[in-house]
>>> print(open('coords-v9.cif').read())   # mmCIF, C-alpha atoms
data_coords
#
loop_
_atom_site.label_atom_id
_atom_site.label_comp_id
_atom_site.auth_asym_id
_atom_site.auth_seq_id
_atom_site.Cartn_x
_atom_site.Cartn_y
_atom_site.Cartn_z
CA MET A 1184 -21.74 -27.43 -30.69
CA GLN A 1185 -22.16 -23.71 -30.97
CA ASN A 1186 -25.89 -24.09 -30.60
CA ASN A 1187 -25.51 -26.17 -27.50
CA LYS A 1188 -23.52 -23.45 -25.88
CA GLN A 1189 -26.12 -20.92 -26.76
CA ALA A 1190 -28.77 -23.13 -25.29
CA GLU A 1191 -26.86 -23.37 -22.05
CA MET A 1192 -26.57 -19.67 -21.64
CA PRO A 1193 -29.82 -19.15 -19.72
CA ASP A 1194 -28.49 -21.48 -17.04
CA LEU A 1195 -26.06 -18.81 -15.94
CA PRO A 1196 -27.38 -16.84 -13.00
CA GLU A 1197 -28.91 -13.74 -14.43
CA LEU A 1198 -27.33 -11.66 -11.71
CA THR A 1199 -24.00 -11.82 -13.35
CA ASN A 1200 -22.65 -11.93 -16.86
CA PRO A 1201 -19.12 -13.29 -17.00
CA ARG A 1202 -18.91 -12.67 -20.73
CA GLN A 1203 -18.86 -8.96 -19.95
CA TRP A 1204 -16.43 -9.12 -17.04
CA VAL A 1205 -13.26 -8.31 -18.91
CA CYS A 1206 -14.89 -5.44 -20.72
CA ASN A 1207 -16.52 -4.02 -17.59
CA TYR A 1208 -14.07 -4.67 -14.79
CA ALA A 1209 -10.63 -5.73 -16.02
CA ASP A 1210 -9.17 -2.22 -16.04
CA TYR A 1211 -10.75 -1.33 -12.73
CA LEU A 1212 -9.45 -4.47 -11.03
CA TYR A 1213 -6.04 -3.98 -12.58
CA CYS A 1214 -5.82 -0.46 -11.14
CA TYR A 1215 -6.99 -1.73 -7.79
CA ALA A 1216 -4.23 -4.33 -7.80
CA ILE A 1217 -1.52 -2.00 -9.11
CA ILE A 1218 -2.10 0.53 -6.32
CA ARG A 1219 -1.73 -2.21 -3.76
CA ILE A 1220 1.15 -4.24 -5.11
CA ASN A 1221 3.01 -1.88 -7.45
CA ASP A 1222 3.91 -4.63 -9.87
CA GLN A 1223 2.36 -4.79 -13.33
CA GLU A 1224 3.02 -8.45 -13.94
CA GLN A 1225 1.68 -9.58 -10.59
CA ALA A 1226 -1.31 -7.27 -10.92
CA ARG A 1227 -2.18 -8.82 -14.27
CA ASP A 1228 -1.87 -12.31 -12.89
CA LEU A 1229 -4.11 -11.41 -9.98
CA VAL A 1230 -6.80 -10.03 -12.27
CA GLN A 1231 -6.77 -13.24 -14.26
CA GLU A 1232 -6.84 -15.38 -11.13
CA THR A 1233 -9.71 -13.30 -9.81
CA PHE A 1234 -11.88 -13.90 -12.85
CA LEU A 1235 -11.07 -17.60 -12.94
CA ALA A 1236 -11.77 -17.98 -9.21
CA ALA A 1237 -15.02 -16.07 -9.64
CA LEU A 1238 -16.09 -18.42 -12.42
CA GLU A 1239 -15.47 -21.37 -10.14
CA SER A 1240 -17.69 -19.94 -7.45
CA LEU A 1241 -20.30 -18.46 -9.74
CA SER A 1242 -23.01 -20.52 -8.08
CA HIS A 1243 -22.24 -18.82 -4.75
CA PHE A 1244 -22.88 -15.37 -6.09
CA GLU A 1245 -26.28 -14.42 -4.80
CA GLY A 1246 -26.42 -10.88 -6.01
CA LYS A 1247 -26.37 -9.47 -2.50
CA SER A 1248 -23.60 -7.18 -3.62
CA THR A 1249 -22.86 -5.91 -7.09
CA GLU A 1250 -20.70 -7.95 -9.43
CA LYS A 1251 -18.02 -5.33 -9.10
CA THR A 1252 -17.97 -5.47 -5.30
CA TRP A 1253 -17.95 -9.24 -5.38
CA LEU A 1254 -15.04 -9.41 -7.83
CA THR A 1255 -13.13 -6.76 -5.90
CA ALA A 1256 -13.53 -8.77 -2.69
CA ILE A 1257 -12.08 -11.84 -4.40
CA LEU A 1258 -9.16 -9.79 -5.69
CA ARG A 1259 -8.64 -8.23 -2.30
CA ASN A 1260 -8.32 -11.65 -0.67
CA LYS A 1261 -5.78 -12.62 -3.28
CA ILE A 1262 -3.76 -9.48 -2.61
CA ILE A 1263 -3.72 -10.22 1.10
CA ASP A 1264 -2.65 -13.80 0.43
CA LEU A 1265 0.21 -12.40 -1.62
CA TYR A 1266 1.16 -9.99 1.18
CA ARG A 1267 1.22 -12.90 3.60
CA LYS A 1268 3.24 -15.09 1.31
CA LYS A 1269 5.79 -12.39 0.54
CA SER A 1270 6.22 -11.28 4.12
CA SER A 1271 6.83 -14.70 5.62
CA GLY A 1272 9.95 -16.79 5.53
CA LEU A 1273 13.65 -16.26 5.88
CA TYR A 1274 14.05 -13.86 2.97
CA SER A 1275 11.55 -11.52 4.52
CA GLN A 1276 13.32 -11.69 7.89
CA ASN A 1277 16.64 -10.88 6.29
CA GLU A 1278 15.46 -7.90 4.31
CA ILE A 1279 13.96 -6.45 7.49
CA LEU A 1280 17.25 -6.91 9.34
CA GLU A 1281 19.07 -5.22 6.48
CA GLU A 1282 16.77 -2.23 6.42
CA GLU A 1283 16.85 -1.91 10.21
CA HIS A 1284 20.60 -1.96 10.01
CA GLU A 1285 20.48 0.84 7.45
CA GLN A 1286 18.30 2.89 9.78
CA GLN A 1287 20.63 2.50 12.74
CA ASP A 1288 22.57 5.46 11.47
CA PHE A 1289 19.54 7.74 11.16
CA PHE A 1290 19.57 8.70 14.84
CA ASP A 1291 22.21 8.96 17.51
CA GLU A 1292 22.12 5.78 19.50
CA GLN A 1293 22.39 7.60 22.81
CA ASP A 1294 20.11 10.59 22.63
CA GLY A 1295 17.93 9.86 19.58
CA HIS A 1296 19.00 13.00 17.73
CA TRP A 1297 19.08 12.98 13.95
CA ASN A 1298 22.59 12.21 12.81
CA ASN A 1299 23.87 14.94 10.52
CA ALA A 1300 24.04 12.90 7.35
CA TYR A 1301 20.42 11.73 7.67
CA ARG A 1302 18.69 14.92 8.75
CA PRO A 1303 15.57 15.62 6.73
CA GLN A 1304 16.01 18.58 4.44
CA GLU A 1305 13.49 20.31 2.24
CA PHE A 1306 12.96 18.23 -0.90
CA ALA A 1307 15.09 19.42 -3.77
CA ALA A 1308 12.15 19.75 -6.15
CA ALA A 1309 8.65 21.10 -5.63
CA VAL A 1310 5.47 19.05 -5.87
CA GLU A 1311 3.10 21.60 -7.32
CA ASN A 1312 1.96 21.16 -10.88
CA PRO A 1313 0.33 17.98 -12.24
CA LEU A 1314 3.51 16.87 -13.99
CA GLN A 1315 5.49 17.10 -10.76
CA HIS A 1316 2.75 15.18 -8.99
CA LYS A 1317 2.94 12.41 -11.55
CA GLU A 1318 6.70 12.24 -11.28
CA PHE A 1319 6.66 12.36 -7.50
CA GLU A 1320 4.17 9.52 -7.52
CA ARG A 1321 6.48 7.47 -9.72
CA VAL A 1322 9.44 8.02 -7.39
CA LEU A 1323 7.25 7.26 -4.39
CA GLN A 1324 6.21 3.95 -5.93
CA GLY A 1325 9.82 3.07 -6.56
CA CYS A 1326 10.64 3.87 -2.96
CA MET A 1327 7.69 1.83 -1.68
CA ASN A 1328 8.92 -1.14 -3.68
CA LYS A 1329 12.22 -0.94 -1.84
CA LEU A 1330 10.56 -1.49 1.52
CA PRO A 1331 10.86 -4.93 3.09
CA ASN A 1332 7.77 -6.92 2.07
CA LEU A 1333 6.26 -6.99 5.55
CA TRP A 1334 6.64 -3.23 5.93
CA TYR A 1335 5.14 -2.73 2.51
CA ALA A 1336 2.15 -4.87 3.40
CA VAL A 1337 1.56 -3.12 6.73
CA PHE A 1338 2.04 0.31 5.20
CA SER A 1339 -0.24 -0.37 2.27
CA MET A 1340 -3.03 -1.93 4.31
CA LYS A 1341 -2.97 1.06 6.63
CA HIS A 1342 -2.46 3.94 4.24
CA VAL A 1343 -4.08 2.68 1.06
CA ASP A 1344 -6.91 0.61 2.49
CA GLU A 1345 -7.21 2.40 5.81
CA GLU A 1346 -7.68 -1.00 7.38
CA SER A 1347 -8.05 -1.23 11.15
CA THR A 1348 -4.90 -1.87 13.14
CA GLU A 1349 -6.45 -4.99 14.71
CA ILE A 1350 -7.17 -6.55 11.34
CA ILE A 1351 -3.72 -5.74 10.00
CA CYS A 1352 -2.11 -7.25 13.06
CA SER A 1353 -4.11 -10.45 12.90
CA THR A 1354 -3.79 -10.76 9.12
CA LEU A 1355 -0.05 -10.26 8.98
CA LYS A 1356 0.67 -11.74 12.40
CA VAL A 1357 2.35 -8.73 13.96
CA THR A 1358 1.86 -7.49 17.50
CA PRO A 1359 0.30 -4.04 17.99
CA ALA A 1360 3.63 -2.75 19.34
CA ASN A 1361 5.44 -4.07 16.31
CA PHE A 1362 2.77 -2.59 14.06
CA TRP A 1363 3.63 0.93 15.23
CA VAL A 1364 7.33 0.26 14.94
CA ILE A 1365 6.81 -0.83 11.34
CA ILE A 1366 4.60 2.16 10.50
CA HIS A 1367 7.33 4.43 11.86
CA ARG A 1368 10.22 2.63 10.19
CA ALA A 1369 8.48 2.37 6.85
CA LYS A 1370 7.98 6.13 6.78
CA LEU A 1371 11.58 6.79 7.83
CA SER A 1372 12.76 4.67 4.91
CA LEU A 1373 10.30 6.13 2.41
CA ARG A 1374 11.15 9.69 3.32
CA ALA A 1375 14.88 9.06 3.15
CA CYS A 1376 14.46 7.40 -0.23
CA LEU A 1377 12.44 10.35 -1.56
CA GLN A 1378 15.04 12.77 -0.27
CA LYS A 1379 17.59 10.86 -2.32
CA TYR A 1380 15.65 10.37 -5.55
CA TRP A 1381 13.17 13.24 -5.70
CA ILE A 1382 15.52 15.71 -7.31
CA MET B 273 10.15 14.76 34.32
CA ASN B 274 13.14 12.77 33.26
CA ARG B 275 11.08 11.14 30.53
CA LEU B 276 9.88 14.52 29.37
CA ILE B 277 13.41 15.84 29.09
CA LYS B 278 14.30 12.79 27.08
CA ILE B 279 11.49 13.19 24.60
CA ILE B 280 12.08 16.89 24.11
CA TYR B 281 15.44 16.06 22.66
CA ASN B 282 14.62 12.74 21.11
CA CYS B 283 13.92 12.93 17.36
CA ARG B 284 13.48 9.18 17.02
CA GLN B 285 10.59 9.27 19.48
CA ALA B 286 9.20 12.48 18.00
CA THR B 287 9.05 11.03 14.49
CA PHE B 288 7.37 7.96 15.94
CA LEU B 289 4.69 10.20 17.45
CA ILE B 290 4.35 12.11 14.18
CA GLU B 291 3.49 8.87 12.43
CA LYS B 292 1.16 7.73 15.17
CA LYS B 293 -0.64 11.03 15.23
CA GLN B 294 -1.61 10.74 11.59
CA LEU B 295 -3.32 7.43 12.18
CA THR B 296 -4.76 7.61 15.66
CA GLU B 297 -5.39 9.89 18.58
CA LEU B 298 -2.34 10.50 20.74
CA THR B 299 -2.62 10.45 24.50
CA THR B 300 -2.60 13.82 26.23
CA LYS B 301 0.92 13.17 27.37
CA GLU B 302 2.11 12.22 23.90
CA LYS B 303 0.47 15.31 22.44
CA MET B 304 2.30 17.51 24.89
CA GLU B 305 5.60 15.78 24.30
CA LEU B 306 5.30 16.16 20.56
CA ARG B 307 4.22 19.78 20.76
CA ILE B 308 7.19 20.66 22.93
CA HIS B 309 9.56 18.78 20.69
CA LEU B 310 8.30 20.38 17.49
CA ALA B 311 8.43 23.84 19.00
CA GLY B 312 12.17 23.46 19.28
CA CYS B 313 13.10 21.10 16.45
CA SER B 314 12.97 22.44 12.90
CA ILE B 315 14.29 19.16 11.48
CA CYS B 316 11.39 17.15 12.80
CA LYS B 317 9.06 19.85 11.51
CA ILE B 318 10.41 19.18 8.04
CA PHE B 319 9.96 15.48 8.65
CA GLN B 320 6.36 16.05 9.65
CA ARG B 321 5.59 18.16 6.61
CA GLN B 322 7.09 15.58 4.28
CA SER B 323 5.37 12.72 6.03
CA ILE B 324 2.01 14.44 5.59
CA LEU B 325 2.83 15.08 1.94
CA ILE B 326 3.62 11.40 1.39
CA ASN B 327 0.37 10.28 3.01
CA GLY B 328 -1.55 12.82 0.97
CA MET B 329 0.01 11.59 -2.27
CA ILE B 330 -0.93 8.01 -1.46
CA LYS B 331 -4.55 9.01 -0.79
CA LYS B 332 -4.68 10.98 -4.00
CA ARG B 333 -3.33 8.06 -5.95
CA VAL B 334 -6.04 5.79 -4.62
CA GLN B 335 -8.71 8.27 -5.69
CA LEU B 336 -7.24 8.95 -9.11
CA ASP B 337 -6.58 5.37 -10.02
CA THR B 338 -10.05 4.20 -9.18
CA GLU B 339 -11.15 6.66 -11.85
CA SER B 340 -9.01 4.45 -14.04
CA GLN B 341 -5.82 5.92 -15.35
CA THR B 342 -3.98 2.71 -15.91
CA GLU B 343 -5.27 0.20 -18.39
CA LEU B 344 -4.51 -3.39 -19.17
CA ASP B 345 -3.20 -3.97 -22.65
CA GLU B 346 -5.71 -5.16 -25.21
CA ASP B 347 -3.94 -8.40 -26.08
CA PHE B 348 -4.01 -9.49 -22.48
CA LYS B 349 -7.69 -8.68 -22.23
CA ILE B 350 -8.54 -10.60 -25.39
CA ALA B 351 -6.63 -13.64 -24.15
CA LEU B 352 -8.34 -13.35 -20.79
CA GLN B 353 -11.78 -13.15 -22.38
CA GLU B 354 -10.98 -16.27 -24.36
CA LYS B 355 -10.03 -18.12 -21.21
CA ILE B 356 -13.26 -17.10 -19.55
CA ASP B 357 -15.34 -18.10 -22.56
CA GLN B 358 -13.57 -21.44 -22.69
CA GLN B 359 -14.35 -22.05 -19.04
CA LEU B 360 -17.98 -21.06 -19.49
CA ASN B 361 -18.39 -23.29 -22.50
CA GLN B 362 -17.10 -26.29 -20.60
CA ASN B 363 -19.85 -26.05 -18.05
#
>>> encode(input="coords-v9.cif", output="structure tokens")
Amino acid sequence: MQNNKQAEMPDLPELTNPRQWVCNYADYLYCYAIIRINDQEQARDLVQETFLAALESLSHFEGKSTEKTWLTAILRNKIIDLYRKKSSGLYSQNEILEEEHEQQDFFDEQDGHWNNAYRPQEFAAAVENPLQHKEFERVLQGCMNKLPNLWYAVFSMKHVDEESTEIICSTLKVTPANFWVIIHRAKLSLRACLQKYWI
Amino acid sequence: MNRLIKIIYNCRQATFLIEKKQLTELTTKEKMELRIHLAGCSICKIFQRQSILINGMIKKRVQLDTESQTELDEDFKIALQEKIDQQLNQN
């Protein structure tokens, strides 16, 4: 049995060596996923799904890109599918309504002035040395995770991936006008959250 | 002119423009509106500074993490390798 397997090995396309994937790319792909979804469990699942999906379509890999680029593209599609899934449906609608409700108090309804209680103030702590950076990053992640899923997806695709507005709009089915509203609102929420927890 | 007066005093609109400005080119009119607003509004200036800081931190995180700071735990990797091997051996 073992010999048979060995004998089959040369049939694998030489361009790619799946037996080395975990060793070569698992950590990289995991990081890639973590930055984009901020959830360890889901990131792990996505890495696993990526490898398994790649195995399925091994015959399609023509070596036009590197293994790493190819695997990353598969993962990226899975992340976007997850964004889509999480930002559709009633739950997603409701969490947006809730957050919008929260933001109603940020500005005066009439003249658009900051309301006193929500005025941005200098952050309580500095972000200077590496330790502070690390900590700030942790709080920022926590705040990002509080965003409604659709806002998170839009914000992440724009700020992390620097994706074009057109592609984000068509991928997540938002209008360009709504895109800018979300970009604005997401930052209002993030900043307010940091003001509260970055102390 | 009425619109201009409105924007000069409107922090909601100014913060909107602050966000837009970091991602795309503002129109000449928008640029002027924002400049006038920020000249007179120290609160939105704080907002702008913090917004830029947040964007900068996100960029930095992307760069740092692709140099691999976070790692999967070994047990998970071993199990994953086994799954892959299994799949390969079936073919």
>>> resolve_selection(input="coords-v9.cif", expression="the PyMOL selection byres ((chain B and resi 291-301) around 12)", output="JSON, numbers by chain")
{"A": [1338, 1341, 1342, 1345, 1346, 1347, 1348, 1360, 1362, 1363, 1364, 1365, 1366, 1367, 1368, 1369, 1370, 1371, 1374], "B": [273, 275, 276, 279, 284, 285, 286, 287, 288, 289, 290, 302, 303, 304, 305, 306, 307, 308, 316, 319, 320, 321, 322, 323, 324, 325, 326, 327, 328]}
>>> residues_near_point(input="coords-v9.cif", point="(8.5, -2.0, 4.7)", cutoff="9 Å", atoms="all atoms listed in the file", output="PyMOL selection string")
chain A and resi 1279+1282+1327-1338+1365-1366+1368-1370+1372-1373
>>> atom_distance(input="coords-v9.cif", atom1="CA of Ser1240 in chain A", atom2="CA of Tyr1213 in chain A")
20.4 Å
>>> resolve_selection(input="coords-v9.cif", expression="the PyMOL selection byres ((chain A and resi 1296) around 7)", output="NGL selection string")
(:A and (1290-1291 or 1294-1295 or 1297-1298)) or (:B and (281-284))
>>> resolve_selection(input="coords-v9.cif", expression="the PyMOL selection byres ((chain B and resi 329) around 12)", output="PyMOL selection string")
(chain A and resi 1218+1310-1311+1313+1315-1324+1342-1343) or (chain B and resi 322-328+330-337)
>>> residues_around(input="coords-v9.cif", residues="Thr342 in chain B", least_positions_apart="6", cutoff="12 Å", atoms="all atoms listed in the file", output="number ranges by chain")
A: 1209-1218, 1221, 1223, 1226-1227; B: 333-334, 336
>>> atom_distance(input="coords-v9.cif", atom1="CA of Tyr1208 in chain A", atom2="CA of Thr1252 in chain A")
10.3 Å
>>> axis_aligned_box(input="coords-v9.cif", around="range 310-323 of chain B", padding_each_side="3 Å", output="lines of an AutoDock Vina configuration file")
center_x = 9.8
center_y = 18.3
center_z = 11.8
size_x = 14.9
size_y = 17.1
size_z = 21.0
>>> atom_distance(input="coords-v9.cif", atom1="CA of Lys317 in chain B", atom2="CA of Ala1375 in chain A")
14.8 Å
>>> residues_around(input="coords-v9.cif", residues="Thr1233 in chain A", least_positions_apart="6", cutoff="9 Å", atoms="all atoms listed in the file", output="PyMOL selection string")
chain A and resi 1212+1254-1255+1257-1258+1261
>>> closest_residue(input="coords-v9.cif", among="A:Glu1305, A:Leu1238, A:Phe1289, A:Ser1271", to="Asn361 in chain B", atoms="only C-alpha atoms")
A:Leu1238
>>> residues_near_point(input="coords-v9.cif", point="(-3.7, -5.8, -21.8)", cutoff="12 Å", atoms="all atoms listed in the file", output="list in words")
Val1205, Cys1206, Ala1209, Asp1210, Tyr1213, Gln1223, Glu1224, Ala1226, Arg1227, Asp1228, Val1230 and Gln1231 of chain A; Thr342, Glu343, Leu344, Asp345, Glu346, Asp347, Phe348, Lys349, Ile350, Ala351, Leu352 and Gln353 of chain B
>>> write_last_selection(input="coords-v9.cif", atoms="C-alpha atoms", output="mmCIF file, in the frame of the given file")
data_model
loop_
_atom_site.group_PDB
_atom_site.id
_atom_site.type_symbol
_atom_site.label_atom_id
_atom_site.label_comp_id
_atom_site.auth_asym_id
_atom_site.auth_seq_id
_atom_site.Cartn_x
_atom_site.Cartn_y
_atom_site.Cartn_z
ATOM 1 C CA VAL A 1205 -13.260 -8.310 -18.910
ATOM 2 C CA CYS A 1206 -14.890 -5.440 -20.720
ATOM 3 C CA ALA A 1209 -10.630 -5.730 -16.020
ATOM 4 C CA ASP A 1210 -9.170 -2.220 -16.040
ATOM 5 C CA TYR A 1213 -6.040 -3.980 -12.580
ATOM 6 C CA GLN A 1223 2.360 -4.790 -13.330
ATOM 7 C CA GLU A 1224 3.020 -8.450 -13.940
ATOM 8 C CA ALA A 1226 -1.310 -7.270 -10.920
ATOM 9 C CA ARG A 1227 -2.180 -8.820 -14.270
ATOM 10 C CA ASP A 1228 -1.870 -12.310 -12.890
ATOM 11 C CA VAL A 1230 -6.800 -10.030 -12.270
ATOM 12 C CA GLN A 1231 -6.770 -13.240 -14.260
ATOM 13 C CA THR B 342 -3.980 2.710 -15.910
ATOM 14 C CA GLU B 343 -5.270 0.200 -18.390
ATOM 15 C CA LEU B 344 -4.510 -3.390 -19.170
ATOM 16 C CA ASP B 345 -3.200 -3.970 -22.650
ATOM 17 C CA GLU B 346 -5.710 -5.160 -25.210
ATOM 18 C CA ASP B 347 -3.940 -8.400 -26.080
ATOM 19 C CA PHE B 348 -4.010 -9.490 -22.480
ATOM 20 C CA LYS B 349 -7.690 -8.680 -22.230
ATOM 21 C CA ILE B 350 -8.540 -10.600 -25.390
ATOM 22 C CA ALA B 351 -6.630 -13.640 -24.150
ATOM 23 C CA LEU B 352 -8.340 -13.350 -20.790
ATOM 24 C CA GLN B 353 -11.780 -13.150 -22.380
#
>>> decode(input="coords-v9.cif", residues="range 1302-1316 of chain A", atoms="N, CA and C atoms", output="CSV table (one decimal), in the first residue's frame")
chain,number,residue,atom,x,y,z
A,1302,ARG,N,-18.2,64.5,21.6
A,1302,ARG,CA,-17.1,65.2,21.0
A,1302,ARG,C,-15.8,64.4,21.1
A,1303,PRO,N,-15.1,64.3,20.0
A,1303,PRO,CA,-13.8,63.7,20.1
A,1303,PRO,C,-12.9,64.4,21.0
A,1304,GLN,N,-12.2,63.7,21.8
A,1304,GLN,CA,-11.1,64.3,22.7
A,1304,GLN,C,-9.8,63.6,22.4
A,1305,GLU,N,-8.7,64.2,22.8
A,1305,GLU,CA,-7.5,63.5,22.6
A,1305,GLU,C,-7.6,62.2,23.3
A,1306,PHE,N,-7.0,61.1,22.7
A,1306,PHE,CA,-7.0,59.8,23.4
A,1306,PHE,C,-6.3,59.9,24.7
A,1307,ALA,N,-6.8,59.1,25.7
A,1307,ALA,CA,-6.2,59.2,27.0
A,1307,ALA,C,-4.8,58.7,27.1
A,1308,ALA,N,-4.4,57.8,26.3
A,1308,ALA,CA,-3.1,57.2,26.3
A,1308,ALA,C,-2.4,57.5,25.0
A,1309,ALA,N,-1.1,57.5,25.1
A,1309,ALA,CA,-0.3,57.8,23.8
A,1309,ALA,C,-0.1,56.5,23.0
A,1310,VAL,N,0.2,56.6,21.8
A,1310,VAL,CA,0.5,55.5,20.9
A,1310,VAL,C,1.9,55.7,20.4
A,1311,GLU,N,2.9,55.5,21.2
A,1311,GLU,CA,4.3,55.8,20.8
A,1311,GLU,C,5.2,54.6,20.8
A,1312,ASN,N,5.4,54.0,21.9
A,1312,ASN,CA,6.4,52.9,21.9
A,1312,ASN,C,5.7,51.6,21.4
A,1313,PRO,N,6.6,50.6,21.1
A,1313,PRO,CA,6.0,49.3,20.5
A,1313,PRO,C,5.0,48.7,21.3
A,1314,LEU,N,5.1,48.7,22.6
A,1314,LEU,CA,4.2,48.1,23.5
A,1314,LEU,C,2.8,48.7,23.4
A,1315,GLN,N,2.8,50.1,23.3
A,1315,GLN,CA,1.6,50.8,23.2
A,1315,GLN,C,0.9,50.5,21.8
A,1316,HIS,N,1.8,50.4,20.8
A,1316,HIS,CA,1.3,50.1,19.5
A,1316,HIS,C,0.5,48.7,19.5
